[in-house]
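Asker: mmCIF, C-alpha atoms, saved as coords-v4.cif, coming up:
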data_target
#
loop_
_atom_site.label_atom_id
_atom_site.label_comp_id
_atom_site.auth_asym_id
_atom_site.auth_seq_id
_atom_site.Cartn_x
_atom_site.Cartn_y
_atom_site.Cartn_z
CA MET A 1 -3.43 0.75 13.78
CA ARG A 2 -2.83 3.76 11.60
CA ILE A 3 -3.15 2.92 7.90
CA GLU A 4 -2.08 5.07 4.97
CA ALA A 5 -2.31 3.89 1.37
CA GLN A 6 -1.70 5.89 -1.76
CA LEU A 7 -1.06 5.58 -5.47
CA THR A 8 1.27 7.90 -7.29
CA THR A 9 2.52 8.44 -10.80
CA GLU A 10 5.70 10.06 -9.43
CA ARG A 11 8.89 8.47 -8.22
CA ILE A 12 8.27 7.12 -4.72
CA VAL A 13 9.85 9.10 -1.90
CA PRO A 14 9.49 7.00 1.26
CA PRO A 15 8.25 9.05 4.21
CA ASN A 16 10.25 9.00 7.41
CA ILE A 17 8.25 6.61 9.54
CA SER A 18 10.63 6.77 12.48
CA GLY A 19 9.23 10.14 13.52
CA LEU A 20 6.09 8.56 14.93
CA GLY A 21 5.18 7.23 18.33
CA PRO A 22 6.38 9.97 20.67
CA ASP A 23 5.50 7.63 23.50
CA GLY A 24 8.49 5.45 22.72
CA GLY A 25 6.33 2.40 22.08
CA ILE A 26 7.79 1.60 18.67
CA GLY A 27 10.51 -1.02 18.75
CA ALA A 28 10.55 -2.11 15.12
CA LEU A 29 10.50 -0.32 11.79
CA ALA A 30 10.41 -2.53 8.71
CA GLU A 31 10.45 -1.24 5.17
CA PHE A 32 10.26 -2.91 1.82
CA SER A 33 10.71 -1.60 -1.72
CA GLY A 34 9.74 -3.68 -4.71
CA VAL A 35 12.03 -2.51 -7.50
CA VAL A 36 11.58 -2.99 -11.25
CA ARG A 37 14.18 -5.47 -12.49
CA GLY A 38 15.92 -5.17 -15.84
CA GLU A 39 14.55 -8.43 -17.14
CA GLU A 40 11.05 -9.72 -17.82
CA ASP A 41 10.46 -13.18 -19.24
CA GLY A 42 14.11 -13.42 -20.23
CA ARG A 43 14.17 -10.13 -22.19
CA THR A 44 16.01 -6.98 -21.20
CA ILE A 45 13.56 -4.21 -20.39
CA THR A 46 13.86 -0.54 -19.54
CA ALA A 47 10.61 -0.04 -17.63
CA LEU A 48 7.30 -1.56 -16.62
CA GLU A 49 3.98 0.18 -16.99
CA TYR A 50 1.47 -0.30 -14.20
CA GLU A 51 -2.26 0.26 -14.31
CA ALA A 52 -4.66 0.42 -11.36
CA TYR A 53 -8.35 0.54 -10.58
CA HIS A 54 -7.57 3.41 -8.25
CA GLY A 55 -10.49 3.58 -5.86
CA MET A 56 -10.80 -0.16 -5.45
CA ALA A 57 -7.05 -0.70 -5.20
CA LEU A 58 -6.86 1.72 -2.28
CA ALA A 59 -9.95 0.25 -0.63
CA VAL A 60 -8.71 -3.34 -0.97
CA MET A 61 -5.28 -2.40 0.35
CA ARG A 62 -6.77 -0.67 3.38
CA LYS A 63 -9.15 -3.55 4.12
CA LEU A 64 -6.33 -6.07 3.74
CA LEU A 65 -4.12 -4.08 6.10
CA GLU A 66 -6.92 -3.85 8.66
CA GLN A 67 -7.40 -7.61 8.54
CA LEU A 68 -3.67 -8.30 8.81
CA GLY A 69 -3.47 -5.86 11.71
CA GLN A 70 -5.93 -8.03 13.65
CA HIS A 71 -3.52 -10.94 13.50
CA HIS A 72 -0.28 -8.98 13.66
CA PRO A 73 -0.90 -5.87 15.77
CA CYS A 74 1.27 -3.02 14.56
CA THR A 75 1.27 0.71 15.28
CA GLY A 76 1.10 1.94 11.72
CA VAL A 77 1.57 0.92 8.12
CA TRP A 78 2.20 3.01 5.04
CA VAL A 79 1.89 1.79 1.46
CA ILE A 80 2.72 3.69 -1.71
CA HIS A 81 2.22 1.97 -5.07
CA ARG A 82 3.40 3.67 -8.20
CA VAL A 83 1.39 3.51 -11.42
CA GLY A 84 2.25 4.47 -14.98
CA VAL A 85 5.74 3.92 -16.33
CA VAL A 86 8.29 2.81 -13.70
CA PRO A 87 11.88 2.68 -14.99
CA VAL A 88 14.18 -0.21 -14.13
CA GLY A 89 15.85 0.33 -10.76
CA GLU A 90 13.00 2.42 -9.36
CA ALA A 91 10.43 1.23 -6.85
CA ALA A 92 6.98 0.15 -7.98
CA ILE A 93 5.93 -0.24 -4.36
CA TRP A 94 7.13 0.84 -0.96
CA ILE A 95 5.79 -0.31 2.40
CA GLY A 96 6.74 0.81 5.87
CA VAL A 97 5.54 -0.82 9.08
CA ALA A 98 6.00 0.45 12.63
CA ALA A 99 5.36 -1.93 15.50
CA SER A 100 6.28 -2.66 19.08
CA HIS A 101 8.01 -5.88 18.07
CA ARG A 102 9.71 -7.05 14.93
CA ARG A 103 7.83 -10.33 14.44
CA GLU A 104 4.50 -8.57 13.94
CA ALA A 105 6.10 -6.08 11.56
CA PHE A 106 7.77 -8.80 9.45
CA ALA A 107 4.61 -10.94 9.35
CA LEU A 108 2.36 -8.07 8.32
CA LEU A 109 4.81 -6.95 5.65
CA ALA A 110 5.33 -10.41 4.12
CA GLU A 111 1.65 -11.35 4.17
CA PHE A 112 0.64 -8.02 2.69
CA MET A 113 2.98 -8.52 -0.25
CA ASP A 114 1.64 -12.03 -0.85
CA GLN A 115 -1.96 -10.92 -0.79
CA LEU A 116 -1.31 -7.77 -2.78
CA LYS A 117 -0.41 -10.03 -5.67
CA GLN A 118 -3.69 -11.87 -5.33
CA ASP A 119 -6.36 -9.29 -4.67
CA VAL A 120 -5.32 -5.69 -5.22
CA PRO A 121 -6.48 -4.50 -8.67
CA ILE A 122 -3.14 -3.29 -9.98
CA TRP A 123 -1.55 -4.71 -13.12
CA LYS A 124 1.81 -4.82 -14.79
CA ARG A 125 0.39 -3.58 -18.03
CA ARG A 126 3.36 -3.96 -20.35
CA ALA A 127 7.14 -3.98 -20.45
CA LEU A 128 9.12 -1.32 -22.32
CA PHE A 129 12.13 -2.53 -24.24
CA ALA A 130 15.36 -0.82 -25.27
CA PRO A 131 16.02 -0.35 -28.99
CA ALA A 132 17.71 -3.42 -30.48
CA THR A 133 21.43 -3.19 -29.78
CA ASP A 134 22.48 -3.63 -33.43
CA THR A 135 20.55 -0.46 -34.28
CA ALA A 136 22.42 1.38 -31.56
CA ALA A 137 25.69 0.12 -33.01
CA GLY A 138 24.90 1.74 -36.35
CA PRO A 139 24.55 0.20 -39.82
CA THR A 140 27.01 -2.43 -40.94
CA PRO A 141 29.44 -1.12 -43.56
CA MET B 142 26.84 -11.68 -1.74
CA ARG B 143 28.29 -8.40 -0.59
CA ILE B 144 28.43 -8.16 3.21
CA GLU B 145 29.08 -5.04 5.27
CA ALA B 146 28.91 -5.02 9.05
CA GLN B 147 29.86 -2.24 11.38
CA LEU B 148 29.54 -1.02 14.95
CA THR B 149 29.15 2.63 15.77
CA THR B 150 28.78 4.80 18.84
CA GLU B 151 26.99 7.45 16.76
CA ARG B 152 23.36 7.72 15.77
CA ILE B 153 22.76 5.31 12.88
CA VAL B 154 22.35 6.90 9.47
CA PRO B 155 21.12 4.18 7.09
CA PRO B 156 23.03 4.16 3.82
CA ASN B 157 21.07 4.33 0.58
CA ILE B 158 21.12 0.72 -0.53
CA SER B 159 19.01 1.34 -3.62
CA GLY B 160 21.99 2.78 -5.47
CA LEU B 161 23.48 -0.66 -6.01
CA GLY B 162 23.15 -3.21 -8.74
CA PRO B 163 23.53 -1.09 -11.87
CA ASP B 164 22.61 -4.19 -13.84
CA GLY B 165 18.99 -3.87 -12.76
CA GLY B 166 19.05 -7.25 -11.04
CA ILE B 167 17.74 -6.03 -7.70
CA GLY B 168 14.02 -6.48 -7.26
CA ALA B 169 13.70 -6.24 -3.50
CA LEU B 170 15.09 -3.93 -0.86
CA ALA B 171 14.20 -4.76 2.73
CA GLU B 172 15.25 -2.71 5.72
CA PHE B 173 14.76 -3.11 9.42
CA SER B 174 15.47 -0.82 12.34
CA GLY B 175 15.35 -2.09 15.91
CA VAL B 176 14.43 0.94 17.99
CA VAL B 177 14.88 1.41 21.74
CA ARG B 178 11.46 1.39 23.39
CA GLY B 179 10.53 3.58 26.31
CA GLU B 180 9.90 0.69 28.63
CA GLU B 181 12.06 -2.10 30.00
CA ASP B 182 10.69 -4.68 32.44
CA GLY B 183 7.68 -2.45 33.07
CA ARG B 184 9.70 0.64 33.98
CA THR B 185 9.93 3.82 31.94
CA ILE B 186 13.44 4.28 30.59
CA THR B 187 15.22 7.02 28.69
CA ALA B 188 17.97 4.97 27.03
CA LEU B 189 19.69 1.61 26.84
CA GLU B 190 23.43 1.15 27.01
CA TYR B 191 24.91 -1.49 24.73
CA GLU B 192 28.29 -3.18 25.04
CA ALA B 193 30.04 -5.29 22.42
CA TYR B 194 33.04 -7.55 22.00
CA HIS B 195 33.84 -5.60 18.86
CA GLY B 196 36.07 -7.85 16.82
CA MET B 197 34.15 -11.00 17.55
CA ALA B 198 30.75 -9.33 17.12
CA LEU B 199 31.73 -8.23 13.61
CA ALA B 200 33.23 -11.62 12.77
CA VAL B 201 30.19 -13.54 14.03
CA MET B 202 27.81 -11.24 12.15
CA ARG B 203 29.75 -11.67 8.91
CA LYS B 204 29.93 -15.44 9.29
CA LEU B 205 26.24 -15.63 10.11
CA LEU B 206 25.36 -13.54 7.08
CA GLU B 207 27.53 -15.72 4.84
CA GLN B 208 25.75 -18.83 6.11
CA LEU B 209 22.31 -17.30 5.69
CA GLY B 210 23.27 -16.17 2.20
CA GLN B 211 23.85 -19.81 1.23
CA HIS B 212 20.22 -20.60 2.00
CA HIS B 213 18.70 -17.29 0.95
CA PRO B 214 20.78 -15.88 -1.91
CA CYS B 215 20.78 -12.10 -1.80
CA THR B 216 22.84 -9.46 -3.58
CA GLY B 217 24.04 -7.59 -0.54
CA VAL B 218 23.43 -7.04 3.13
CA TRP B 219 24.41 -4.16 5.40
CA VAL B 220 24.29 -4.24 9.18
CA ILE B 221 25.01 -1.38 11.57
CA HIS B 222 24.75 -2.00 15.30
CA ARG B 223 25.07 0.90 17.68
CA VAL B 224 26.92 0.56 20.98
CA GLY B 225 27.10 2.82 23.99
CA VAL B 226 24.08 4.82 25.11
CA VAL B 227 21.12 4.66 22.69
CA PRO B 228 18.25 7.01 23.60
CA VAL B 229 14.64 5.86 23.41
CA GLY B 230 13.27 6.27 19.88
CA GLU B 231 16.66 5.80 18.22
CA ALA B 232 17.81 2.67 16.43
CA ALA B 233 20.11 0.19 18.16
CA ILE B 234 20.39 -1.78 14.93
CA TRP B 235 19.71 -1.24 11.25
CA ILE B 236 19.82 -3.88 8.53
CA GLY B 237 19.38 -3.48 4.81
CA VAL B 238 19.09 -6.36 2.34
CA ALA B 239 19.11 -6.17 -1.44
CA ALA B 240 17.98 -9.20 -3.41
CA SER B 241 16.47 -10.28 -6.69
CA HIS B 242 13.32 -11.44 -4.96
CA ARG B 243 11.56 -10.43 -1.79
CA ARG B 244 11.26 -13.87 -0.17
CA GLU B 245 15.02 -14.29 0.11
CA ALA B 246 15.38 -10.78 1.49
CA PHE B 247 12.65 -11.29 4.12
CA ALA B 248 14.01 -14.70 5.15
CA LEU B 249 17.57 -13.49 5.51
CA LEU B 250 16.49 -10.46 7.48
CA ALA B 251 14.23 -12.36 9.90
CA GLU B 252 16.68 -15.20 10.48
CA PHE B 253 19.55 -12.81 11.01
CA MET B 254 17.64 -10.97 13.73
CA ASP B 255 16.77 -14.25 15.46
CA GLN B 256 20.33 -15.51 15.43
CA LEU B 257 21.81 -12.13 16.32
CA LYS B 258 20.04 -12.50 19.65
CA GLN B 259 21.63 -15.91 20.21
CA ASP B 260 25.19 -15.65 19.06
CA VAL B 261 26.49 -12.15 18.43
CA PRO B 262 28.43 -10.88 21.48
CA ILE B 263 26.54 -7.65 22.05
CA TRP B 264 24.74 -6.91 25.29
CA LYS B 265 22.09 -4.57 26.59
CA ARG B 266 24.26 -3.47 29.45
CA ARG B 267 21.87 -1.36 31.47
CA ALA B 268 18.78 0.82 31.20
CA LEU B 269 18.88 4.52 32.02
CA PHE B 270 15.91 5.90 33.91
CA ALA B 271 14.37 9.34 34.06
CA PRO B 272 14.36 11.16 37.40
CA ALA B 273 11.35 10.13 39.52
CA THR B 274 8.30 12.10 38.38
CA ASP B 275 7.33 13.28 41.87
CA THR B 276 10.62 15.15 42.00
CA ALA B 277 9.77 16.83 38.71
CA ALA B 278 6.35 17.77 40.09
CA GLY B 279 7.94 19.62 42.98
CA PRO B 280 7.45 19.17 46.73
CA THR B 281 3.94 18.70 48.10
CA PRO B 282 2.69 21.79 49.92
CA MET C 283 59.47 -13.41 25.63
CA THR C 284 56.97 -11.52 23.48
CA GLU C 285 53.74 -10.17 24.91
CA ASP C 286 52.06 -13.15 23.24
CA SER C 287 53.49 -15.50 25.82
CA GLY C 288 50.62 -14.78 28.21
CA MET C 289 46.88 -15.28 27.92
CA ARG C 290 44.43 -12.38 27.83
CA ILE C 291 41.05 -12.92 29.45
CA LEU C 292 38.23 -10.52 28.53
CA PHE C 293 35.12 -10.00 30.64
CA PHE C 294 31.83 -8.66 29.32
CA ALA C 295 28.49 -7.64 30.82
CA GLN C 296 27.67 -9.63 33.98
CA LEU C 297 31.16 -11.10 34.06
CA LYS C 298 32.59 -7.62 34.06
CA ASP C 299 30.39 -6.83 37.06
CA ALA C 300 31.32 -10.07 38.82
CA THR C 301 35.06 -9.48 38.48
CA GLY C 302 35.19 -5.72 38.41
CA ARG C 303 37.61 -6.09 35.49
CA GLU C 304 37.41 -5.69 31.73
CA GLU C 305 40.54 -7.63 30.99
CA ILE C 306 43.29 -9.49 32.79
CA ARG C 307 46.47 -11.18 31.66
CA TRP C 308 47.81 -14.50 32.87
CA PRO C 309 51.51 -14.47 32.11
CA GLU C 310 53.46 -17.55 31.10
CA THR C 311 50.52 -19.92 31.23
CA GLY C 312 50.66 -23.41 29.74
CA PRO C 313 47.84 -25.01 27.75
CA LEU C 314 44.54 -24.80 29.65
CA THR C 315 41.16 -26.47 29.27
CA ALA C 316 37.88 -24.62 29.84
CA ALA C 317 37.69 -26.31 33.25
CA ASP C 318 41.18 -25.03 34.11
CA ILE C 319 40.17 -21.50 33.18
CA TRP C 320 36.97 -21.58 35.20
CA ALA C 321 38.80 -23.04 38.21
CA ARG C 322 41.32 -20.22 38.19
CA LEU C 323 38.61 -17.58 37.75
CA GLU C 324 36.38 -18.98 40.47
CA ARG C 325 39.31 -19.12 42.87
CA GLU C 326 39.96 -15.42 42.37
CA TRP C 327 36.34 -14.21 41.91
CA PRO C 328 33.79 -16.58 43.50
CA ALA C 329 31.04 -14.32 42.09
CA VAL C 330 31.64 -15.72 38.59
CA THR C 331 30.38 -19.15 39.63
CA VAL C 332 26.70 -18.34 39.17
CA HIS C 333 27.38 -17.37 35.56
CA ARG C 334 29.39 -20.44 34.63
CA ARG C 335 26.43 -22.51 33.40
CA THR C 336 25.21 -19.80 30.99
CA THR C 337 28.54 -18.34 29.89
CA ARG C 338 30.35 -19.50 26.78
CA LEU C 339 34.09 -19.21 26.26
CA ALA C 340 35.52 -17.79 23.07
CA ARG C 341 39.07 -18.32 21.85
CA ASN C 342 40.53 -15.69 19.54
CA GLY C 343 37.12 -14.39 18.53
CA GLU C 344 35.35 -17.69 17.95
CA TYR C 345 33.16 -19.73 20.27
CA ALA C 346 35.30 -22.51 21.76
CA ARG C 347 34.44 -26.16 21.34
CA PRO C 348 33.92 -28.09 24.62
CA ASP C 349 37.30 -29.79 24.18
CA GLU C 350 39.11 -26.64 23.05
CA VAL C 351 42.65 -26.15 24.40
CA PHE C 352 43.62 -22.59 25.26
CA LEU C 353 47.23 -21.65 24.61
CA ALA C 354 49.68 -18.93 25.49
CA GLY C 355 49.06 -15.97 23.21
CA ASP C 356 45.32 -16.62 23.05
CA GLU C 357 42.64 -14.02 23.63
CA VAL C 358 40.00 -15.72 25.75
CA ALA C 359 36.60 -14.10 26.25
CA LEU C 360 33.78 -14.93 28.63
CA ILE C 361 30.48 -14.48 26.78
CA PRO C 362 27.38 -14.39 28.97
CA PRO C 363 24.00 -14.65 27.17
CA VAL C 364 23.88 -12.01 24.48
CA SER C 365 21.09 -9.47 24.05
CA GLY C 366 21.85 -7.32 21.04
CA GLY C 367 19.46 -5.91 18.47
CA MET D 368 -33.52 10.17 -14.94
CA THR D 369 -30.22 10.82 -13.16
CA GLU D 370 -26.97 9.58 -14.60
CA ASP D 371 -27.14 6.83 -11.97
CA SER D 372 -29.91 5.08 -13.83
CA GLY D 373 -27.42 3.26 -16.05
CA MET D 374 -24.63 0.82 -15.25
CA ARG D 375 -20.96 1.65 -15.80
CA ILE D 376 -18.67 -1.17 -16.86
CA LEU D 377 -14.91 -0.67 -16.41
CA PHE D 378 -12.28 -2.68 -18.29
CA PHE D 379 -8.71 -3.17 -17.11
CA ALA D 380 -5.54 -4.74 -18.52
CA GLN D 381 -6.34 -7.66 -20.86
CA LEU D 382 -10.04 -6.81 -20.83
CA LYS D 383 -9.20 -3.32 -22.00
CA ASP D 384 -7.25 -4.86 -24.88
CA ALA D 385 -10.03 -7.33 -25.68
CA THR D 386 -12.71 -4.63 -25.87
CA GLY D 387 -10.66 -1.66 -26.96
CA ARG D 388 -12.54 0.30 -24.30
CA GLU D 389 -11.79 1.61 -20.84
CA GLU D 390 -15.37 2.14 -19.84
CA ILE D 391 -18.84 1.75 -21.25
CA ARG D 392 -22.31 2.63 -19.97
CA TRP D 393 -25.40 0.50 -20.27
CA PRO D 394 -28.35 2.86 -19.92
CA GLU D 395 -31.60 1.91 -18.26
CA THR D 396 -30.57 -1.61 -17.36
CA GLY D 397 -32.55 -3.76 -14.93
CA PRO D 398 -30.96 -6.02 -12.29
CA LEU D 399 -28.35 -8.30 -13.85
CA THR D 400 -26.53 -11.40 -12.67
CA ALA D 401 -22.85 -12.05 -13.46
CA ALA D 402 -24.00 -14.46 -16.17
CA ASP D 403 -26.18 -11.73 -17.70
CA ILE D 404 -23.25 -9.32 -17.76
CA TRP D 405 -20.88 -11.81 -19.36
CA ALA D 406 -23.49 -12.79 -21.96
CA ARG D 407 -23.93 -9.17 -23.01
CA LEU D 408 -20.18 -8.57 -23.11
CA GLU D 409 -19.44 -11.74 -25.09
CA ARG D 410 -22.11 -10.88 -27.59
CA GLU D 411 -20.49 -7.51 -28.26
CA TRP D 412 -16.80 -8.53 -27.86
CA PRO D 413 -16.23 -12.27 -28.41
CA ALA D 414 -12.56 -11.70 -27.51
CA VAL D 415 -13.51 -11.40 -23.82
CA THR D 416 -14.56 -15.06 -23.66
CA VAL D 417 -11.05 -16.42 -23.13
CA HIS D 418 -10.70 -14.21 -20.03
CA ARG D 419 -13.99 -15.14 -18.43
CA ARG D 420 -12.66 -18.05 -16.37
CA THR D 421 -9.88 -15.97 -14.78
CA THR D 422 -11.64 -12.61 -14.48
CA ARG D 423 -13.48 -11.54 -11.35
CA LEU D 424 -16.30 -9.02 -11.29
CA ALA D 425 -16.36 -6.17 -8.82
CA ARG D 426 -19.42 -4.18 -7.84
CA ASN D 427 -18.89 -0.66 -6.55
CA GLY D 428 -15.27 -1.31 -5.66
CA GLU D 429 -15.66 -4.69 -3.97
CA TYR D 430 -15.29 -8.18 -5.35
CA ALA D 431 -18.75 -9.52 -6.14
CA ARG D 432 -20.12 -12.69 -4.59
CA PRO D 433 -21.10 -15.42 -7.09
CA ASP D 434 -24.79 -14.65 -6.49
CA GLU D 435 -24.37 -10.86 -6.52
CA VAL D 436 -27.06 -8.87 -8.28
CA PHE D 437 -25.89 -5.83 -10.24
CA LEU D 438 -28.24 -2.85 -10.24
CA ALA D 439 -28.77 0.36 -12.13
CA GLY D 440 -26.33 2.94 -10.78
CA ASP D 441 -23.64 0.34 -10.08
CA GLU D 442 -20.03 0.61 -11.14
CA VAL D 443 -19.05 -2.82 -12.39
CA ALA D 444 -15.41 -3.68 -13.03
CA LEU D 445 -13.82 -6.63 -14.77
CA ILE D 446 -10.72 -7.64 -12.84
CA PRO D 447 -8.34 -9.99 -14.65
CA PRO D 448 -5.56 -11.61 -12.56
CA VAL D 449 -3.70 -8.85 -10.76
CA SER D 450 0.06 -8.39 -10.86
CA GLY D 451 0.97 -5.43 -8.69
CA GLY D 452 3.96 -4.97 -6.45
#
How would this structure read if it were set down as structure tokens?
Answerer:
Amino acid sequence: MRIEAQLTTERIVPPNISGLGPDGGIGALAEFSGVVRGEEDGRTITALEYEAYHGMALAVMRKLLEQLGQHHPCTGVWVIHRVGVVPVGEAAIWIGVAASHRREAFALLAEFMDQLKQDVPIWKRRALFAPATDTAAGPTP
Amino acid sequence: MRIEAQLTTERIVPPNISGLGPDGGIGALAEFSGVVRGEEDGRTITALEYEAYHGMALAVMRKLLEQLGQHHPCTGVWVIHRVGVVPVGEAAIWIGVAASHRREAFALLAEFMDQLKQDVPIWKRRALFAPATDTAAGPTP
Amino acid sequence: MTEDSGMRILFFAQLKDATGREEIRWPETGPLTAADIWARLEREWPAVTVHRRTTRLARNGEYARPDEVFLAGDEVALIPPVSGG
Amino acid sequence: MTEDSGMRILFFAQLKDATGREEIRWPETGPLTAADIWARLEREWPAVTVHRRTTRLARNGEYARPDEVFLAGDEVALIPPVSGG
């Protein structure tokens, strides 16, 4: 199973994973983007800031994907996790899985996301908030 | 839940589903492409031909998605199924799901694919085969 | 009489092969049960018989209940096992 | 002595806040257990204590076993509960 994992401080541009497997063996392409939502703990936010222990995060992701690939054989998997400030509506993570059959692709994808949130040393460091709306509305007369 | 379903005889071009939800409520985008594999029943093929009962296929897909949305609330789901001749390596179906949380998106996507193969009146009509390879190799001397 | 007075029967996949037709029309038919429909089809195309056990009937774009009654004006479809995706 | 003779300690997230540091170096250290490392850290930054129960140690980029021994030249990281994705 081909495994690619990377961290980036830039906006994630998902690669085109359908261009692989010239032998026609790929029957399923599954992709997932985890997008920053406009609310955190009930407050409106404008962005989340992520922090990573780069080398270990990449190593743990690769090891995790290798282990999952033993149980759910896939052709290839690509993971891009963004770090630094990620504005609301943009992806903090993107994963693409290519496989012969969809069940393996779905299982690998779902289990990876579950375990990512347990073991991969990446943190939501802090939320960024918009200025209070009454400031934006100007001073009261 | 917004639901869009369509059939097409053209190559599928997935829409950009990340442009939705200006309120920042979308936290998960899941996509799946079912791609024609180069083998069917052990024989090498070049394409599959799909046939559909158009009106009913669309109605059953929409109804199915509505039902699944009751159990797995999502923001929107888009389905495009190709009919006619689909070459190996190209998608016969594409699905995109936008949701607040990934579990709902994954569940809706996986269950839709399972039920699609039970109830939606679309058929793999026939496989197209390449010319026999010994012809391509030329006559024996 | 409008063109709705008959019953349209649509054939897909294996049923299309078995009948050599995509669609037929039965003019001026009265109410029919699923058994009535199959009897008429099997009389005309004995090759459909082998598909009867696995083929569902649809009435106006929805799967028919076992006790469904098919009426003049209906679009009836024979749906062999599906294989999309 | 090479620069590998010491031990690098990396702090992330809450541990970075608790210590005000991203990274420190302990020069010329002998073999240390996890308990040794925590004792030294708590002595210098008492604010780390509340994180001890939930924070895992990593040694050279892998989660450390409970009985792991940390050596001169190691990169040790304090990993509070992760929250990626």
Asker: Just to confirm, what's the straight-line distance from atom CA of Asp349 of chain C to atom CA of Leu209 of chain B in Å (one decimal)?
Answerer: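 Atom CA of Leu209 of chain B lies at a distance of 26.9 Å from atom CA of Asp349 of chain C.
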Asker: Would you translate the PyMOL selection byres ((chain A) within 7 of (chain B)) into the concrete set of residues it matches in this file, as a ChimeraX atom specification?
Answerer: /A:24-38,88-89
Asker: Starting from chain C, keep only residues with some atom at most 8 Å from an atom of chain B, counting only C-alpha atoms, and report them as number ranges by chain.
Answerer: C: 294-295, 343-344, 361, 363-367
Asker: Give as a list in words the residues that the PyMOL selection byres ((chain C and resi 303) around 12) matches when applied to the coordinates above.
Answerer: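 Going through the file, the PyMOL selection byres ((chain C and resi 303) around 12) ends up selecting Ile291, Leu292, Phe293, Phe294, Ala295, Gln296, Leu297, Lys298, Asp299, Ala300, Thr301, Gly302, Glu304, Glu305, Ile306, Arg307, Leu323, Glu326, Trp327, Val330 and Leu360 of chain C.
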Asker: With the file shown as input, list the residues that the PyMOL selection byres ((chain C and resi 350) around 12) selects, as a PyMOL selection string.
Answerer: chain C and resi 313-319+338-342+344-349+351-353+356+358
Asker: Just give me the gap between atom CA of Thr150 of chain B and atom CA of Val218 of chain B in Å, one decimal is fine.
Answerer: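 That distance, rounded to one decimal, is 20.4 Å.
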Asker: Can you tell me how far atom CA of Arg375 of chain D sits from atom CA of Glu395 of chain D, in Å to one decimal?
Answerer: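 That distance, rounded to one decimal, is 10.9 Å.
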Asker: Under the rule that only C-alpha atoms are counted, which of A:Leu48, A:Ile17, A:Val85, A:Ile3 is the nearest residue to Lys63 of chain A?
Answerer: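 Checking each candidate against Lys63 of chain A, we get A:Ile3 as the closest.
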Asker: The residues within 12 Å of (-2.7, -12.0, 13.3), using only C-alpha atoms and the coordinates of the file, should be reported as number ranges by chain; which are they?
Answerer: A: 64-74, 103-109, 111-112
